[in-house]
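> Shown below is the structure under consideration.
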Amino acid sequence: MANAKEPSAPKAPRVRDIGIDVPAPAKACEDPNCPFHGSLRVRGQAVEGRIVSTRMQRTVVVEREYLQYIQKYERYERRTRRMLAHAPPCLGLAPGHRVTLMECRPLSKTVSFVVIHDKGVAA
């Protein structure tokens, strides 16, 4: 039977190179706004933070802590800033994980970042 097609082995998910040195996720997803499996391009700054909430659909709340120098007292104060970021389903994010965000085009009124790397649970 020369014309019969044989079942082929399952194909590995096609992963795009996003131009940043981060490992590609093991799982595949069908999200059009995934930088690895969709068509979303990343640009601009990369930011690190900790996930506080995952209660929205495909969006997470990421909290960043930084030090601000107060010249009058010659000391630093700790400040916190929260930002919303798109969470591709292939990353499997949960509260408490440390993540790397990358800037992208605006996806909604408040979301202009996408999670590109999950570093695991914060220590």
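The way I read the labels, and the way they are meant: chains A, B, ... in the order of the structure tokens, residue 1 as the first residue of every chain, and ligand 1 as the first ligand shown, with later ones counted on from there.
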Would you mind listing what lies within 6 Å of range 42-53 of chain A as JSON, numbers by chain, with only C-alpha atoms counted and same-chain residues fewer than 5 positions away left out?

{"A": [60, 61, 62, 63, 64, 95, 96, 97, 98, 99, 100, 101, 102, 103, 104]}

> I need the residues from that last selection saved to file as a compact mmCIF listing (two decimals), in the first residue's frame (with N, CA and C atoms), if you can.


# COMPACT_ATOMS: atom_id res chain seq x y z
N VAL A 60 -2.21 38.73 35.29
CA VAL A 60 -1.72 38.60 36.67
C VAL A 60 -1.35 39.98 37.20
N VAL A 61 -1.37 40.11 38.53
CA VAL A 61 -0.92 41.31 39.20
C VAL A 61 0.48 41.03 39.71
N VAL A 62 1.44 41.84 39.27
CA VAL A 62 2.84 41.66 39.65
C VAL A 62 3.26 42.85 40.51
N GLU A 63 3.91 42.55 41.63
CA GLU A 63 4.35 43.58 42.57
C GLU A 63 5.87 43.71 42.50
N ARG A 64 6.34 44.94 42.36
CA ARG A 64 7.78 45.22 42.34
C ARG A 64 8.14 46.04 43.56
N PRO A 95 0.34 32.49 42.35
CA PRO A 95 0.79 33.54 43.27
C PRO A 95 2.05 33.12 44.02
N GLY A 96 2.95 34.08 44.19
CA GLY A 96 4.20 33.81 44.88
C GLY A 96 5.37 33.53 43.95
N HIS A 97 5.11 33.31 42.67
CA HIS A 97 6.19 33.03 41.72
C HIS A 97 6.91 34.33 41.36
N ARG A 98 8.22 34.24 41.20
CA ARG A 98 9.01 35.35 40.67
C ARG A 98 9.00 35.24 39.15
N VAL A 99 8.75 36.35 38.47
CA VAL A 99 8.62 36.32 37.02
C VAL A 99 9.40 37.47 36.39
N THR A 100 9.67 37.32 35.10
CA THR A 100 10.25 38.39 34.29
C THR A 100 9.18 38.84 33.30
N LEU A 101 8.97 40.14 33.24
CA LEU A 101 8.00 40.74 32.33
C LEU A 101 8.76 41.45 31.22
N MET A 102 8.10 41.56 30.08
CA MET A 102 8.68 42.31 28.97
C MET A 102 7.60 43.23 28.42
N GLU A 103 7.99 44.41 28.00
CA GLU A 103 7.04 45.38 27.46
C GLU A 103 6.54 44.92 26.10
N CYS A 104 5.28 45.21 25.80
CA CYS A 104 4.69 44.88 24.51
C CYS A 104 3.71 45.99 24.14

> Determine, counting only C-alpha atoms, which protein, DNA and RNA residues have an atom within 7 Å of an atom of range 82-93 of chain A; residues of the same chain fewer than 6 positions away are not included. Present the result as a list in words.

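Surrounding residues, per the criterion: Pro25, Lys27, Ala28, Cys29, Asp31, Cys34, Arg58, Thr59, Val60, Val61, Val62, Glu63, Arg64, Thr110, Val111, Ser112, Phe113, Val114, Val115 and Asp118 of chain A.
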
> Just list the residues in range 3-114 of chain A DSSP gives strand (DSSP E or B) on the backbone, as a VMD selection string.

chain A and resid 42 to 56 59 to 70 75 to 86 97 to 104 111 to 114

> Print the selection's residues with N, CA and C atoms to a file, as a compact mmCIF listing (two decimals), in the first residue's frame.


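Listed below is the output, part_11.txt:
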# COMPACT_ATOMS: atom_id res chain seq x y z
N VAL A 42 7.64 41.39 21.63
CA VAL A 42 8.08 42.06 22.84
C VAL A 42 9.12 43.11 22.48
N ARG A 43 9.22 44.15 23.31
CA ARG A 43 10.11 45.27 23.04
C ARG A 43 10.37 45.99 24.35
N GLY A 44 11.24 46.97 24.32
CA GLY A 44 11.41 47.86 25.47
C GLY A 44 12.07 47.22 26.66
N GLN A 45 11.58 47.56 27.85
CA GLN A 45 12.25 47.17 29.07
C GLN A 45 11.79 45.82 29.60
N ALA A 46 12.69 45.17 30.32
CA ALA A 46 12.39 43.93 31.03
C ALA A 46 12.34 44.25 32.51
N VAL A 47 11.34 43.70 33.21
CA VAL A 47 11.10 44.01 34.61
C VAL A 47 10.94 42.70 35.37
N GLU A 48 11.43 42.66 36.61
CA GLU A 48 11.24 41.48 37.44
C GLU A 48 10.31 41.82 38.59
N GLY A 49 9.52 40.84 39.03
CA GLY A 49 8.61 41.07 40.13
C GLY A 49 8.07 39.76 40.67
N ARG A 50 7.09 39.89 41.59
CA ARG A 50 6.49 38.72 42.24
C ARG A 50 4.98 38.76 42.00
N ILE A 51 4.41 37.62 41.63
CA ILE A 51 2.97 37.56 41.34
C ILE A 51 2.20 37.61 42.65
N VAL A 52 1.21 38.51 42.70
CA VAL A 52 0.37 38.67 43.88
C VAL A 52 -0.98 38.00 43.67
N SER A 53 -1.52 38.11 42.45
CA SER A 53 -2.86 37.59 42.18
C SER A 53 -2.95 37.06 40.76
N THR A 54 -3.71 35.95 40.61
CA THR A 54 -3.97 35.38 39.29
C THR A 54 -5.47 35.21 39.07
N ARG A 55 -6.28 36.06 39.67
CA ARG A 55 -7.72 35.87 39.67
C ARG A 55 -8.40 36.37 38.39
N MET A 56 -7.69 37.08 37.54
CA MET A 56 -8.26 37.52 36.27
C MET A 56 -7.96 36.48 35.19
N THR A 59 -4.48 37.28 33.01
CA THR A 59 -3.81 38.49 33.49
C THR A 59 -3.40 38.27 34.93
N VAL A 60 -2.21 38.73 35.29
CA VAL A 60 -1.72 38.60 36.67
C VAL A 60 -1.35 39.98 37.20
N VAL A 61 -1.37 40.11 38.53
CA VAL A 61 -0.92 41.31 39.20
C VAL A 61 0.48 41.03 39.71
N VAL A 62 1.44 41.84 39.27
CA VAL A 62 2.84 41.66 39.65
C VAL A 62 3.26 42.85 40.51
N GLU A 63 3.91 42.55 41.63
CA GLU A 63 4.35 43.58 42.57
C GLU A 63 5.87 43.71 42.50
N ARG A 64 6.34 44.94 42.36
CA ARG A 64 7.78 45.22 42.34
C ARG A 64 8.14 46.04 43.56
N GLU A 65 9.25 45.71 44.20
CA GLU A 65 9.77 46.50 45.31
C GLU A 65 11.06 47.16 44.88
N TYR A 66 11.25 48.42 45.25
CA TYR A 66 12.47 49.12 44.92
C TYR A 66 12.80 50.10 46.03
N LEU A 67 14.03 50.60 46.05
CA LEU A 67 14.47 51.55 47.06
C LEU A 67 14.52 52.95 46.44
N GLN A 68 14.00 53.93 47.18
CA GLN A 68 14.01 55.32 46.74
C GLN A 68 14.84 56.11 47.74
N TYR A 69 15.83 56.83 47.26
CA TYR A 69 16.70 57.60 48.13
C TYR A 69 16.01 58.89 48.55
N ILE A 70 16.01 59.19 49.86
CA ILE A 70 15.45 60.42 50.40
C ILE A 70 16.63 61.31 50.80
N ARG A 75 18.78 58.58 53.55
CA ARG A 75 18.41 57.18 53.73
C ARG A 75 17.56 56.73 52.54
N TYR A 76 17.34 55.44 52.48
CA TYR A 76 16.48 54.85 51.45
C TYR A 76 15.18 54.43 52.08
N GLU A 77 14.10 54.55 51.31
CA GLU A 77 12.82 53.99 51.74
C GLU A 77 12.39 52.95 50.72
N ARG A 78 11.70 51.94 51.21
CA ARG A 78 11.22 50.88 50.34
C ARG A 78 9.87 51.26 49.77
N ARG A 79 9.73 51.16 48.47
CA ARG A 79 8.46 51.47 47.81
C ARG A 79 7.99 50.25 47.03
N THR A 80 6.68 50.18 46.83
CA THR A 80 6.08 49.06 46.12
C THR A 80 5.21 49.60 45.00
N ARG A 81 5.28 48.94 43.86
CA ARG A 81 4.46 49.32 42.71
C ARG A 81 3.83 48.06 42.15
N ARG A 82 2.55 48.12 41.84
CA ARG A 82 1.84 46.99 41.24
C ARG A 82 1.57 47.28 39.78
N MET A 83 1.66 46.24 38.96
CA MET A 83 1.36 46.40 37.55
C MET A 83 0.67 45.14 37.05
N LEU A 84 -0.13 45.31 36.02
CA LEU A 84 -0.83 44.18 35.41
C LEU A 84 -0.05 43.69 34.21
N ALA A 85 -0.04 42.37 34.03
CA ALA A 85 0.68 41.78 32.91
C ALA A 85 -0.12 40.61 32.36
N HIS A 86 0.00 40.40 31.05
CA HIS A 86 -0.65 39.28 30.40
C HIS A 86 0.08 37.99 30.78
N HIS A 97 5.11 33.31 42.67
CA HIS A 97 6.19 33.03 41.72
C HIS A 97 6.91 34.33 41.36
N ARG A 98 8.22 34.24 41.20
CA ARG A 98 9.01 35.35 40.67
C ARG A 98 9.00 35.24 39.15
N VAL A 99 8.75 36.35 38.47
CA VAL A 99 8.62 36.32 37.02
C VAL A 99 9.40 37.47 36.39
N THR A 100 9.67 37.32 35.10
CA THR A 100 10.25 38.39 34.29
C THR A 100 9.18 38.84 33.30
N LEU A 101 8.97 40.14 33.24
CA LEU A 101 8.00 40.74 32.33
C LEU A 101 8.76 41.45 31.22
N MET A 102 8.10 41.56 30.08
CA MET A 102 8.68 42.31 28.97
C MET A 102 7.60 43.23 28.42
N GLU A 103 7.99 44.41 28.00
CA GLU A 103 7.04 45.38 27.46
C GLU A 103 6.54 44.92 26.10
N CYS A 104 5.28 45.21 25.80
CA CYS A 104 4.69 44.88 24.51
C CYS A 104 3.71 45.99 24.14
N VAL A 111 -2.92 46.97 30.59
CA VAL A 111 -1.95 45.89 30.38
C VAL A 111 -1.06 46.23 29.18
N SER A 112 0.24 46.46 29.46
CA SER A 112 1.22 46.70 28.41
C SER A 112 2.47 45.87 28.60
N PHE A 113 2.38 44.83 29.44
CA PHE A 113 3.50 43.94 29.68
C PHE A 113 3.02 42.51 29.54
N VAL A 114 3.94 41.59 29.24
CA VAL A 114 3.63 40.18 29.12
C VAL A 114 4.69 39.40 29.89

> Determine the nearest neighbour of His117 in chain A from the options A:Gln57, A:Val15, A:Ile20, A:Leu40, counting only C-alpha atoms.

A:Ile20

> Give me, please, the distance in Å between CA of Arg16 in chain A and CA of Phe36 in chain A, quoted to one decimal.

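If I compute the distance from CA of Arg16 in chain A to CA of Phe36 in chain A, I get 4.9 Å.
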
> Excluding Arg41 in chain A and its own-chain neighbours fewer than 3 positions away, which residues fall within 8 Å of it when counting only C-alpha atoms? Please give them as a list of chain:residue names.

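What passes the distance filter is A:Ile18, A:Pro35, A:Cys104, A:Arg105.
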
> Just to be explicit: take each residue in the selection above, keep C-alpha atoms, and write the result as a PDB file, in the first residue's frame.


ATOM      1  CA  ILE A  18      11.449  36.172  20.855  1.00  0.00           C
ATOM      2  CA  PRO A  35       5.100  35.714  22.649  1.00  0.00           C
ATOM      3  CA  CYS A 104       4.686  44.875  24.513  1.00  0.00           C
ATOM      4  CA  ARG A 105       1.998  46.791  22.667  1.00  0.00           C
TER       5      ARG A 105
END

> For the atom pair CA of Gly120 in chain A and CA of Leu107 in chain A, what is the interatomic distance in Å to one decimal place?

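CA of Leu107 in chain A lies 25.0 Å from CA of Gly120 in chain A.
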
> Could you tell me how far CA of His37 in chain A lies from CA of Val121 in chain A, in Å and to one decimal?

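So the answer is 24.2 Å.
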